[in-house]
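S.K.: Just protein25.tsv, nothing more (TSV, C-alpha atoms and all ligand atoms):
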```tsv
chain	number	residue	atom	x	y	z
A	1	MET	CA	4.01	19.50	-12.68
A	2	PHE	CA	7.21	21.52	-12.83
A	3	GLU	CA	10.20	20.09	-14.60
A	4	LEU	CA	12.15	18.61	-11.73
A	5	ARG	CA	15.05	17.61	-13.88
A	6	ASP	CA	15.83	21.14	-15.18
A	7	LEU	CA	15.24	22.61	-11.78
A	8	TYR	CA	17.59	20.05	-10.27
A	9	GLN	CA	20.41	21.15	-12.56
A	10	GLN	CA	19.79	24.85	-11.95
A	11	VAL	CA	19.58	24.50	-8.20
A	12	ILE	CA	22.73	22.38	-7.97
A	13	VAL	CA	24.68	24.92	-10.05
A	14	ASP	CA	23.32	27.88	-8.08
A	15	HIS	CA	23.87	26.45	-4.59
A	16	ASN	CA	27.28	25.14	-5.52
A	17	LYS	CA	28.36	28.51	-6.87
A	18	SER	CA	27.08	30.45	-3.87
A	19	PRO	CA	26.42	28.10	-0.97
A	20	ARG	CA	24.09	29.43	1.75
A	21	ASN	CA	25.12	29.27	5.40
A	22	PHE	CA	28.74	28.52	4.54
A	23	GLY	CA	31.35	29.22	7.21
A	24	LYS	CA	31.66	28.90	10.94
A	25	LEU	CA	28.60	29.67	13.06
A	26	GLU	CA	28.96	31.84	16.17
A	27	PRO	CA	27.74	30.87	18.66
A	28	PHE	CA	27.02	27.17	18.25
A	29	ASN	CA	26.26	24.43	20.75
A	30	HIS	CA	26.39	21.32	18.56
A	31	GLU	CA	28.78	20.24	15.84
A	32	ALA	CA	29.75	17.16	13.86
A	33	ASP	CA	32.00	15.98	11.05
A	34	GLY	CA	30.87	13.98	8.07
A	35	TYR	CA	32.81	12.06	5.48
A	36	ASN	CA	31.76	10.25	2.33
A	37	PRO	CA	34.71	8.02	1.40
A	38	LEU	CA	33.19	7.05	-1.95
A	39	CYS	CA	33.53	10.57	-3.32
A	40	GLY	CA	35.84	12.25	-0.81
A	41	ASP	CA	33.23	14.77	0.40
A	42	LYS	CA	33.99	16.27	3.81
A	43	LEU	CA	31.64	18.41	5.86
A	44	HIS	CA	31.65	20.06	9.23
A	45	ILE	CA	28.29	21.21	10.55
A	46	TYR	CA	27.67	23.80	13.27
A	47	LEU	CA	24.32	23.97	14.97
A	48	GLN	CA	22.76	26.32	17.50
A	49	VAL	CA	19.68	24.93	19.22
A	50	SER	CA	17.77	27.21	21.60
A	51	ASP	CA	16.49	26.16	25.04
A	52	GLU	CA	13.05	25.92	23.45
A	53	GLY	CA	14.35	23.39	20.95
A	54	LEU	CA	14.42	25.65	17.89
A	55	ILE	CA	17.23	25.46	15.37
A	56	GLU	CA	18.36	29.07	15.61
A	57	GLY	CA	21.37	28.70	13.38
A	58	VAL	CA	23.08	26.12	11.26
A	59	SER	CA	26.09	26.38	8.97
A	60	PHE	CA	28.64	24.18	7.29
A	61	GLU	CA	32.22	24.14	6.13
A	62	GLY	CA	34.06	21.64	4.03
A	63	GLU	CA	35.00	20.49	0.60
A	64	GLY	CA	33.17	18.22	-1.73
A	65	CYS	CA	31.53	17.72	-5.06
A	66	ALA	CA	28.81	20.01	-6.38
A	67	ILE	CA	26.02	17.76	-5.13
A	68	SER	CA	27.33	17.49	-1.57
A	69	VAL	CA	27.77	21.26	-1.31
A	70	ALA	CA	24.41	22.07	-2.91
A	71	SER	CA	22.64	19.57	-0.67
A	72	ALA	CA	24.21	21.02	2.49
A	73	SER	CA	23.31	24.52	1.33
A	74	LEU	CA	19.69	23.54	0.66
A	75	MET	CA	19.39	21.58	3.87
A	76	THR	CA	20.72	24.34	6.12
A	77	ASP	CA	18.38	26.82	4.44
A	78	ALA	CA	15.41	24.50	4.91
A	79	ILE	CA	15.90	23.64	8.57
A	80	LYS	CA	16.93	27.03	9.94
A	81	GLY	CA	14.21	28.25	12.30
A	82	THR	CA	12.44	24.91	12.54
A	83	PRO	CA	11.97	22.80	15.71
A	84	VAL	CA	14.78	20.31	16.20
A	85	ALA	CA	12.05	17.78	17.08
A	86	ASP	CA	10.92	17.86	13.42
A	87	PHE	CA	14.36	16.94	12.13
A	88	GLU	CA	13.98	13.18	12.35
A	89	GLN	CA	10.85	13.23	10.20
A	90	ARG	CA	12.56	15.34	7.55
A	91	PHE	CA	15.65	13.18	7.65
A	92	GLU	CA	13.51	10.11	7.00
A	93	ALA	CA	11.53	11.84	4.26
A	94	PHE	CA	14.76	12.90	2.56
A	95	GLN	CA	16.30	9.43	2.80
A	96	HIS	CA	13.13	7.92	1.44
A	97	MET	CA	13.05	10.39	-1.45
A	98	VAL	CA	16.61	9.78	-2.63
A	99	THR	CA	16.27	6.00	-2.42
A	100	SER	CA	12.73	5.67	-3.78
A	101	ASP	CA	11.67	4.54	-7.21
A	102	LEU	CA	12.07	7.16	-9.94
A	103	ALA	CA	8.35	7.13	-10.61
A	104	GLU	CA	7.47	8.08	-7.04
A	105	GLU	CA	6.54	11.72	-6.42
A	106	PRO	CA	8.56	13.40	-3.65
A	107	ASP	CA	6.71	14.37	-0.47
A	108	LEU	CA	6.49	18.09	-1.19
A	109	ASP	CA	4.66	18.89	2.07
A	110	THR	CA	7.57	17.69	4.17
A	111	LEU	CA	10.43	18.44	1.80
A	112	GLY	CA	9.46	21.64	-0.01
A	113	LYS	CA	12.38	22.93	-2.07
A	114	LEU	CA	14.50	19.94	-1.07
A	115	ALA	CA	12.42	17.92	-3.51
A	116	VAL	CA	14.66	19.11	-6.34
A	117	LEU	CA	17.28	16.71	-5.00
A	118	SER	CA	15.06	13.81	-6.00
A	119	GLY	CA	16.92	14.23	-9.32
A	120	VAL	CA	19.87	12.48	-7.67
A	121	ARG	CA	17.98	9.18	-8.01
A	122	GLU	CA	19.04	9.12	-11.64
A	123	PHE	CA	22.66	8.95	-10.51
A	124	PRO	CA	22.80	6.25	-7.80
A	125	SER	CA	26.50	6.80	-7.12
A	126	ARG	CA	25.71	10.39	-6.04
A	127	ILE	CA	22.99	9.56	-3.53
A	128	LYS	CA	25.55	9.46	-0.71
A	129	CYS	CA	26.87	12.86	-1.76
A	130	ALA	CA	23.35	14.26	-1.30
A	131	SER	CA	22.68	12.50	1.99
A	132	LEU	CA	26.05	13.18	3.67
A	133	CYS	CA	24.90	16.51	5.17
A	134	TRP	CA	21.80	14.84	6.62
A	135	HIS	CA	23.82	12.12	8.33
A	136	THR	CA	26.20	14.78	9.62
A	137	LEU	CA	23.40	16.96	10.94
A	138	LYS	CA	21.80	13.96	12.62
A	139	SER	CA	25.06	13.32	14.37
A	140	ALA	CA	25.28	17.00	15.40
A	141	VAL	CA	21.70	16.91	16.74
A	142	GLU	CA	22.54	13.82	18.78
A	143	ASP	CA	25.75	15.54	19.80
A	144	SER	CA	27.78	12.45	19.26
A	145	HIS	CA	31.31	13.54	18.53
A	146	HIS	CA	31.85	10.83	16.00
A	147	VAL	CA	32.51	11.32	12.34
A	148	ALA	CA	29.33	10.55	10.42
A	149	LYS	CA	30.01	8.27	7.52
A	150	THR	CA	27.81	7.33	4.64
A	151	GLU	CA	29.27	3.82	4.67
B	1	ZN	ZN	30.27	13.77	-3.70
```
Represent the structure contained in this file as structure tokens.

M.R.:
Amino acid sequence: MFELRDLYQQVIVDHNKSPRNFGKLEPFNHEADGYNPLCGDKLHIYLQVSDEGLIEGVSFEGEGCAISVASASLMTDAIKGTPVADFEQRFEAFQHMVTSDLAEEPDLDTLGKLAVLSGVREFPSRIKCASLCWHTLKSAVEDSHHVAKTE
């Protein structure tokens, strides 16, 4: 069993310092805004889904705390190149992970590297920072032009 707690810290620092997939995506065919009023995190997500239903590109812009930026960076990395049809399952797995009991092992098969964010369970006030990008991406996938809120 690797030390999730140390890894959590390292990954947050690394992805916050140099976020992956940061900036506007060209071209894109879906987009959405997200806002977490509890912390003030703001995200804009760009998404390019192919005719075959593959997520060809995804990127984000915005400002927020280290956890919101690291989570968006990890998420965009993890879903790039995957079928958009698989998103819902991952979204649910992620939500379950960050709200589950501390003793519960994350679903590594579905979540892979995203499992490091299970560390956020120790800081309940930051769970919404970690899940903001997922709510925003869900709204981009559904192409609703509403602002996704964590509240
Ligand atoms: Zn935050």

S.K.: Report, in Å with one decimal, the straight-line distance from atom CA of Gly57 of chain A to atom CA of Ser73 of chain A.

M.R.: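 Straight-line distance from atom CA of Gly57 of chain A to atom CA of Ser73 of chain A works out to 12.9 Å.
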
S.K.: Would you work out the distance separating atom CA of Lys138 of chain A from atom CA of Glu88 of chain A, expressed in Å to one decimal?

M.R.: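 Atom-to-atom, atom CA of Lys138 of chain A and atom CA of Glu88 of chain A are spaced 7.9 Å apart.
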
S.K.: Pick the closest to Ala93 of chain A from A:Leu38, A:Leu47, A:Leu111, A:Cys133: which is it, counting all atoms listed in the file?

M.R.: A:Leu111

S.K.: Kindly give the distance, in Å, that separates atom CA of Ile12 of chain A and atom CA of Val116 of chain A, rounded to a single decimal.

M.R.: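 Atom-to-atom, atom CA of Ile12 of chain A and atom CA of Val116 of chain A are spaced 8.9 Å apart.
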
S.K.: All residues within 9 Å of ligand ZN 1 (chain B) are required, counting all atoms listed in the file; please report them as a list in words.

M.R.: Asn36, Pro37, Leu38, Cys39, Gly40, Asp41, Lys42, Gly64, Cys65, Ala66, Ile67, Ser68, Val69, Ser125, Arg126, Ile127, Lys128, Cys129, Ala130 and Leu132 of chain A

S.K.: Which residues, written as number ranges by chain, have at least one atom at most 10 Å from Glu92 of chain A, with all atoms listed in the file counted and residues fewer than 5 positions away on the same chain left out?

M.R.: A: 87, 97, 134

S.K.: Which residue out of A:Glu52, A:Glu122, A:Glu63, A:Asp6 has the minimum interatomic distance to Ser100 of chain A when all atoms listed in the file are used?

M.R.: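 Among A:Glu52, A:Glu122, A:Glu63, A:Asp6, it is A:Glu122 that comes nearest to Ser100 of chain A.
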
S.K.: Go through A:His96, A:His44, A:Lys113, A:Lys80 one by one, measure the shortest atom-to-atom distance of each to Leu137 of chain A using only C-alpha atoms, and give the residue with the smallest value.

M.R.: A:His44
